file start-v9.cif (mmCIF, C-alpha atoms)
data_input
loop_
_atom_site.label_atom_id
_atom_site.label_comp_id
_atom_site.auth_asym_id
_atom_site.auth_seq_id
_atom_site.Cartn_x
_atom_site.Cartn_y
_atom_site.Cartn_z
CA MET A 1 -47.70 5.59 57.46
CA ASP A 2 -49.92 4.60 60.38
CA ASP A 3 -49.82 6.34 63.71
CA LEU A 4 -47.05 5.12 65.96
CA THR A 5 -48.37 3.90 69.29
CA LEU A 6 -46.35 2.50 72.16
CA SER A 7 -47.61 -1.03 71.53
CA LYS A 8 -46.81 -0.80 67.80
CA ILE A 9 -43.31 0.51 68.50
CA GLY A 10 -42.78 -2.22 71.07
CA LYS A 11 -43.88 -4.97 68.66
CA GLU A 12 -42.63 -3.85 65.26
CA TYR A 13 -39.62 -1.64 65.86
CA GLN A 14 -37.81 -3.58 68.57
CA ASP A 15 -35.97 -5.25 65.71
CA GLU A 16 -32.99 -3.07 64.85
CA GLU A 17 -33.28 -3.66 61.10
CA LYS A 18 -36.91 -2.50 61.05
CA ALA A 19 -35.96 0.56 63.10
CA TRP A 20 -33.36 1.53 60.47
CA ASP A 21 -35.95 1.03 57.72
CA LEU A 22 -38.40 3.28 59.60
CA ILE A 23 -35.87 6.11 60.00
CA GLU A 24 -34.89 5.84 56.32
CA SER A 25 -38.53 5.97 55.21
CA ILE A 26 -39.18 9.04 57.38
CA ARG A 27 -35.98 10.91 56.48
CA TRP A 28 -35.70 9.86 52.83
CA PRO A 29 -39.20 9.34 51.35
CA SER A 30 -37.86 9.90 47.81
CA GLY A 31 -34.66 7.88 48.18
CA PRO A 32 -31.31 8.50 49.88
CA VAL A 33 -29.97 12.07 49.99
CA CYS A 34 -26.22 12.62 50.23
CA PRO A 35 -25.49 14.92 53.20
CA HIS A 36 -22.18 15.97 51.61
CA CYS A 37 -23.28 17.15 48.15
CA GLY A 38 -27.10 17.08 48.41
CA VAL A 39 -27.75 14.77 45.44
CA ILE A 40 -31.07 12.94 45.75
CA ASN A 41 -31.47 9.24 44.95
CA HIS A 42 -28.05 8.84 43.35
CA ALA A 43 -26.43 6.66 46.02
CA TYR A 44 -26.03 2.95 46.36
CA HIS A 45 -26.07 0.65 49.36
CA ILE A 46 -22.69 -0.80 50.39
CA LYS A 47 -23.16 -4.43 51.33
CA PRO A 48 -20.58 -6.19 53.53
CA ARG A 49 -18.49 -8.77 51.71
CA ASN A 50 -18.51 -11.69 54.09
CA GLY A 51 -21.79 -12.02 55.96
CA PRO A 52 -23.53 -9.41 58.07
CA ARG A 53 -21.76 -6.26 59.22
CA LYS A 54 -20.28 -6.61 62.72
CA THR A 55 -19.12 -4.15 65.35
CA ARG A 56 -15.76 -4.25 67.13
CA THR A 57 -17.28 -6.37 69.88
CA GLY A 58 -18.60 -8.92 67.40
CA LYS A 59 -22.29 -7.98 67.56
CA VAL A 60 -24.26 -7.89 64.32
CA SER A 61 -24.85 -4.30 63.17
CA TYR A 62 -27.84 -3.42 61.03
CA ARG A 63 -26.37 -0.06 60.14
CA LYS A 64 -26.90 0.58 56.45
CA LEU A 65 -23.99 2.31 54.81
CA TRP A 66 -24.51 4.27 51.59
CA LYS A 67 -22.06 5.72 49.08
CA CYS A 68 -22.82 8.69 46.86
CA ALA A 69 -22.25 8.03 43.18
CA ASP A 70 -21.34 11.71 42.59
CA CYS A 71 -18.97 12.70 45.41
CA LYS A 72 -17.95 9.11 46.35
CA LYS A 73 -18.37 9.75 50.10
CA GLN A 74 -19.97 7.29 52.51
CA PHE A 75 -22.90 8.16 54.76
CA SER A 76 -25.79 6.68 56.67
CA VAL A 77 -29.28 7.92 57.50
CA LEU A 78 -28.04 9.09 60.91
CA VAL A 79 -25.67 11.77 59.58
CA GLY A 80 -26.91 15.19 60.66
CA THR A 81 -29.49 13.86 63.13
CA CYS A 82 -29.61 13.60 66.91
CA PHE A 83 -28.75 9.89 66.57
CA GLU A 84 -25.35 10.56 64.99
CA GLY A 85 -22.37 9.31 66.99
CA SER A 86 -24.51 7.41 69.49
CA LYS A 87 -23.95 3.84 70.63
CA ILE A 88 -27.55 3.50 71.79
CA PRO A 89 -29.54 1.15 69.52
CA LEU A 90 -31.89 2.92 67.14
CA SER A 91 -34.88 0.92 68.41
CA LYS A 92 -34.32 2.39 71.88
CA TRP A 93 -34.00 5.89 70.40
CA ILE A 94 -37.41 5.49 68.73
CA LEU A 95 -38.99 4.28 71.95
CA GLY A 96 -37.30 7.06 73.95
CA ILE A 97 -38.55 9.75 71.56
CA HIS A 98 -42.06 8.34 71.79
CA LEU A 99 -41.91 8.35 75.60
CA MET A 100 -40.68 11.95 75.65
CA CYS A 101 -43.38 13.11 73.22
CA ALA A 102 -46.21 11.20 74.89
CA GLY A 103 -45.29 12.24 78.42
CA LYS A 104 -47.75 14.83 79.70
CA ASN A 105 -45.31 16.53 82.06
CA GLY A 106 -42.09 15.57 80.35
CA VAL A 107 -39.83 12.62 81.01
CA SER A 108 -36.70 12.70 83.11
CA ALA A 109 -33.47 10.91 82.34
CA HIS A 110 -34.13 8.62 85.31
CA GLU A 111 -37.43 7.58 83.76
CA LEU A 112 -35.74 6.82 80.43
CA HIS A 113 -33.06 4.90 82.33
CA ARG A 114 -35.69 2.72 84.00
CA GLN A 115 -38.02 2.28 81.02
CA LEU A 116 -35.40 1.61 78.32
CA ASN A 117 -33.00 -0.40 80.47
CA ILE A 118 -30.00 1.75 79.56
CA SER A 119 -27.46 3.44 81.80
CA TYR A 120 -28.34 6.77 83.38
CA GLU A 121 -25.55 8.48 81.43
CA ALA A 122 -26.96 7.15 78.14
CA ALA A 123 -30.47 8.23 79.16
CA TRP A 124 -29.21 11.72 80.06
CA PHE A 125 -27.41 11.93 76.70
CA MET A 126 -30.55 10.79 74.87
CA ALA A 127 -32.81 13.23 76.69
CA HIS A 128 -30.54 16.18 75.91
CA ARG A 129 -30.20 15.25 72.27
CA VAL A 130 -33.96 14.85 71.84
CA ARG A 131 -34.72 18.12 73.62
CA TYR A 132 -32.15 19.94 71.48
CA ALA A 133 -33.64 18.43 68.31
CA PHE A 134 -37.15 19.54 69.32
CA ALA A 135 -36.10 23.07 70.34
CA PRO A 136 -37.79 25.76 68.27
CA VAL A 137 -35.57 27.37 65.68
CA ALA A 138 -34.91 31.00 66.53
CA PRO A 139 -35.71 33.39 63.70
CA GLN A 140 -32.74 35.29 62.32
CA ARG A 141 -34.30 38.73 62.72
CA LEU A 142 -37.50 39.43 64.58
CA LEU A 143 -38.07 42.99 63.44
CA THR A 144 -37.05 44.44 60.09
CA GLY A 145 -37.82 47.71 58.37
CA THR A 146 -39.62 50.57 60.11
CA VAL A 147 -41.04 49.61 63.49
CA GLU A 148 -43.55 51.87 65.27
CA ALA A 149 -44.64 51.56 68.86
CA ASP A 150 -47.43 53.66 70.37
CA GLU A 151 -47.87 54.52 74.05
CA THR A 152 -44.63 52.96 75.22
CA TYR A 153 -43.59 53.45 78.82
CA VAL A 154 -39.97 52.59 79.64
CA GLY A 155 -38.84 52.64 83.23
CA GLY A 156 -40.41 52.22 86.62
CA LYS A 157 -41.35 54.19 89.69
CA VAL A 158 -38.55 56.40 90.97
CA LYS A 159 -38.87 55.12 94.53
CA THR A 160 -38.24 51.49 93.42
CA THR A 161 -34.94 52.23 91.64
CA HIS A 162 -31.48 51.93 93.17
CA GLY A 163 -29.97 54.92 94.93
CA GLN A 164 -27.52 55.85 92.16
CA THR A 165 -30.14 55.60 89.44
CA ARG A 166 -32.60 57.67 91.49
CA ARG A 167 -30.09 60.52 91.74
CA GLN A 168 -29.41 60.45 87.99
CA GLN A 169 -33.11 60.66 87.09
CA SER A 170 -33.76 63.78 89.20
#
call {"tool": "encode", "arguments": {"input": "start-v9.cif", "output": "structure tokens"}}
result
Amino acid sequence: MDDLTLSKIGKEYQDEEKAWDLIESIRWPSGPVCPHCGVINHAYHIKPRNGPRKTRTGKVSYRKLWKCADCKKQFSVLVGTCFEGSKIPLSKWILGIHLMCAGKNGVSAHELHRQLNISYEAAWFMAHRVRYAFAPVAPQRLLTGTVEADETYVGGKVKTTHGQTRRQQS
């Protein structure tokens, strides 16, 4: 896959269908993976019966729905990601993530609101989800086994402590 630049995202992935294809190719390079049972490449695409899939408001939805052949549960590529449960179009998510990653000093929700032409509340939601997704994973246990520390000094100067602590140390 080529490097994603702002101009390439703006040209190629403004189409919602191409944005879904991009996320599927990144998340599932070896075929769809069922988030319920973990089976790889044993799911099939559910196609709508009469024409394109539509939302409640009547807009055409490019959401691709999959069904696992093993556990018979439905899923999409968004399950278990920061995009799950969002009404923001996936093309705007991709552009927002690029803006947040390319920003030298970070990007505020107001900047996303202006650049992506979405409401401030949606921009705030997007910024928090992206920041949470990029947060480093905390290790379970930092120190295990025998830990040795040489020349450790715990405490401070007696004159800088509180009155009660000063009396206890004497």
call {"tool": "atom_distance", "arguments": {"input": "start-v9.cif", "atom1": "atom CA of A:Ser86", "atom2": "atom CA of A:Thr55"}}
result
13.4 Å
call {"tool": "resolve_selection", "arguments": {"input": "start-v9.cif", "expression": "the PyMOL selection byres ((chain A and resi 42) around 8)", "output": "list in words"}}
result
Pro32, Val33, Val39, Ile40, Asn41, Ala43, Tyr44, Cys68, Ala69 and Asp70 of chain A
call {"tool": "closest_residue", "arguments": {"input": "start-v9.cif", "among": "A:Phe134, A:Trp93, A:Trp66, A:Phe83", "to": "A:His36", "atoms": "all atoms listed in the file"}}
result
A:Trp66
call {"tool": "atom_distance", "arguments": {"input": "start-v9.cif", "atom1": "atom CA of A:Pro35", "atom2": "atom CA of A:Leu65"}}
result
12.8 Å
call {"tool": "residues_around", "arguments": {"input": "start-v9.cif", "residues": "A:Arg27", "least_positions_apart": "4", "cutoff": "10 Å", "atoms": "only C-alpha atoms", "output": "PyMOL selection string"}}
result
chain A and resi 21-23+31-33+77-78+81
call {"tool": "atom_distance", "arguments": {"input": "start-v9.cif", "atom1": "atom CA of A:Lys64", "atom2": "atom CA of A:Trp20"}}
result
7.7 Å
call {"tool": "axis_aligned_box", "arguments": {"input": "start-v9.cif", "around": "stretch 32-35 of chain A", "padding_each_side": "8 Å", "output": "JSON"}}
result
{"center_x": -28.4, "center_y": 11.7, "center_z": 51.5, "size_x": 21.8, "size_y": 22.4, "size_z": 19.3}
call {"tool": "resolve_selection", "arguments": {"input": "start-v9.cif", "expression": "the PyMOL selection byres ((chain A and resi 123-130) around 12)", "output": "PyMOL selection string"}}
result
chain A and resi 81-90+92-101+106-122+131-135
call {"tool": "closest_residue", "arguments": {"input": "start-v9.cif", "among": "A:Lys104, A:His45, A:Arg53, A:Arg63", "to": "A:Glu17", "atoms": "all atoms listed in the file"}}
result
A:Arg63
call {"tool": "build_atoms", "arguments": {"input": "start-v9.cif", "residues": "stretch 25-53 of chain A", "atoms": "N, CA and C atoms", "output": "short mmCIF file (atom, residue, chain, number, x, y, z; two decimals), in the frame of the given file"}}
result
data_model
loop_
_atom_site.label_atom_id
_atom_site.label_comp_id
_atom_site.auth_asym_id
_atom_site.auth_seq_id
_atom_site.Cartn_x
_atom_site.Cartn_y
_atom_site.Cartn_z
N SER A 25 -37.28 5.60 55.89
CA SER A 25 -38.53 5.97 55.21
C SER A 25 -39.02 7.34 55.65
N ILE A 26 -38.76 7.72 56.90
CA ILE A 26 -39.18 9.04 57.38
C ILE A 26 -38.25 10.13 56.83
N ARG A 27 -36.95 9.88 56.88
CA ARG A 27 -35.98 10.91 56.48
C ARG A 27 -35.82 11.02 54.97
N TRP A 28 -35.90 9.88 54.29
CA TRP A 28 -35.70 9.86 52.83
C TRP A 28 -36.91 9.26 52.13
N PRO A 29 -38.04 9.93 52.04
CA PRO A 29 -39.20 9.34 51.35
C PRO A 29 -38.99 9.18 49.84
N SER A 30 -38.10 9.98 49.26
CA SER A 30 -37.86 9.90 47.81
C SER A 30 -36.53 9.24 47.48
N GLY A 31 -35.94 8.52 48.41
CA GLY A 31 -34.66 7.88 48.18
C GLY A 31 -33.56 8.58 48.97
N PRO A 32 -32.39 7.95 49.07
CA PRO A 32 -31.31 8.50 49.88
C PRO A 32 -30.80 9.85 49.36
N VAL A 33 -30.49 10.74 50.30
CA VAL A 33 -29.97 12.07 49.99
C VAL A 33 -28.57 12.17 50.58
N CYS A 34 -27.60 12.50 49.76
CA CYS A 34 -26.22 12.62 50.23
C CYS A 34 -26.09 13.88 51.09
N PRO A 35 -25.64 13.74 52.35
CA PRO A 35 -25.49 14.92 53.20
C PRO A 35 -24.28 15.77 52.82
N HIS A 36 -23.39 15.25 52.00
CA HIS A 36 -22.18 15.97 51.61
C HIS A 36 -22.41 16.89 50.41
N CYS A 37 -23.08 16.34 49.36
CA CYS A 37 -23.28 17.15 48.15
C CYS A 37 -24.75 17.44 47.86
N GLY A 38 -25.68 16.79 48.56
CA GLY A 38 -27.10 17.08 48.41
C GLY A 38 -27.80 16.39 47.26
N VAL A 39 -27.13 15.47 46.57
CA VAL A 39 -27.75 14.77 45.44
C VAL A 39 -28.80 13.80 45.96
N ILE A 40 -29.96 13.79 45.32
CA ILE A 40 -31.07 12.94 45.75
C ILE A 40 -31.11 11.67 44.90
N ASN A 41 -31.26 10.55 45.57
CA ASN A 41 -31.47 9.24 44.95
C ASN A 41 -30.39 8.87 43.93
N HIS A 42 -29.15 9.22 44.22
CA HIS A 42 -28.05 8.84 43.35
C HIS A 42 -26.95 8.20 44.18
N ALA A 43 -27.37 7.36 45.15
CA ALA A 43 -26.43 6.66 46.02
C ALA A 43 -26.76 5.18 45.98
N TYR A 44 -25.80 4.40 46.34
CA TYR A 44 -26.03 2.95 46.36
C TYR A 44 -25.62 2.39 47.72
N HIS A 45 -26.27 1.29 48.06
CA HIS A 45 -26.07 0.65 49.36
C HIS A 45 -24.78 -0.17 49.31
N ILE A 46 -23.93 -0.02 50.31
CA ILE A 46 -22.69 -0.80 50.39
C ILE A 46 -22.98 -2.03 51.24
N LYS A 47 -22.89 -3.18 50.63
CA LYS A 47 -23.16 -4.43 51.33
C LYS A 47 -21.84 -5.02 51.81
N PRO A 48 -21.82 -5.56 53.04
CA PRO A 48 -20.58 -6.19 53.53
C PRO A 48 -20.23 -7.43 52.71
N ARG A 49 -18.94 -7.67 52.57
CA ARG A 49 -18.49 -8.77 51.71
C ARG A 49 -18.77 -10.14 52.29
N ASN A 50 -18.36 -10.36 53.52
CA ASN A 50 -18.51 -11.69 54.09
C ASN A 50 -19.50 -11.66 55.25
N GLY A 51 -20.76 -11.94 54.94
CA GLY A 51 -21.79 -12.02 55.96
C GLY A 51 -22.28 -10.66 56.44
N PRO A 52 -23.00 -10.67 57.54
CA PRO A 52 -23.53 -9.41 58.07
C PRO A 52 -22.44 -8.53 58.66
N ARG A 53 -22.70 -7.23 58.66
CA ARG A 53 -21.76 -6.26 59.22
C ARG A 53 -21.68 -6.46 60.73
#
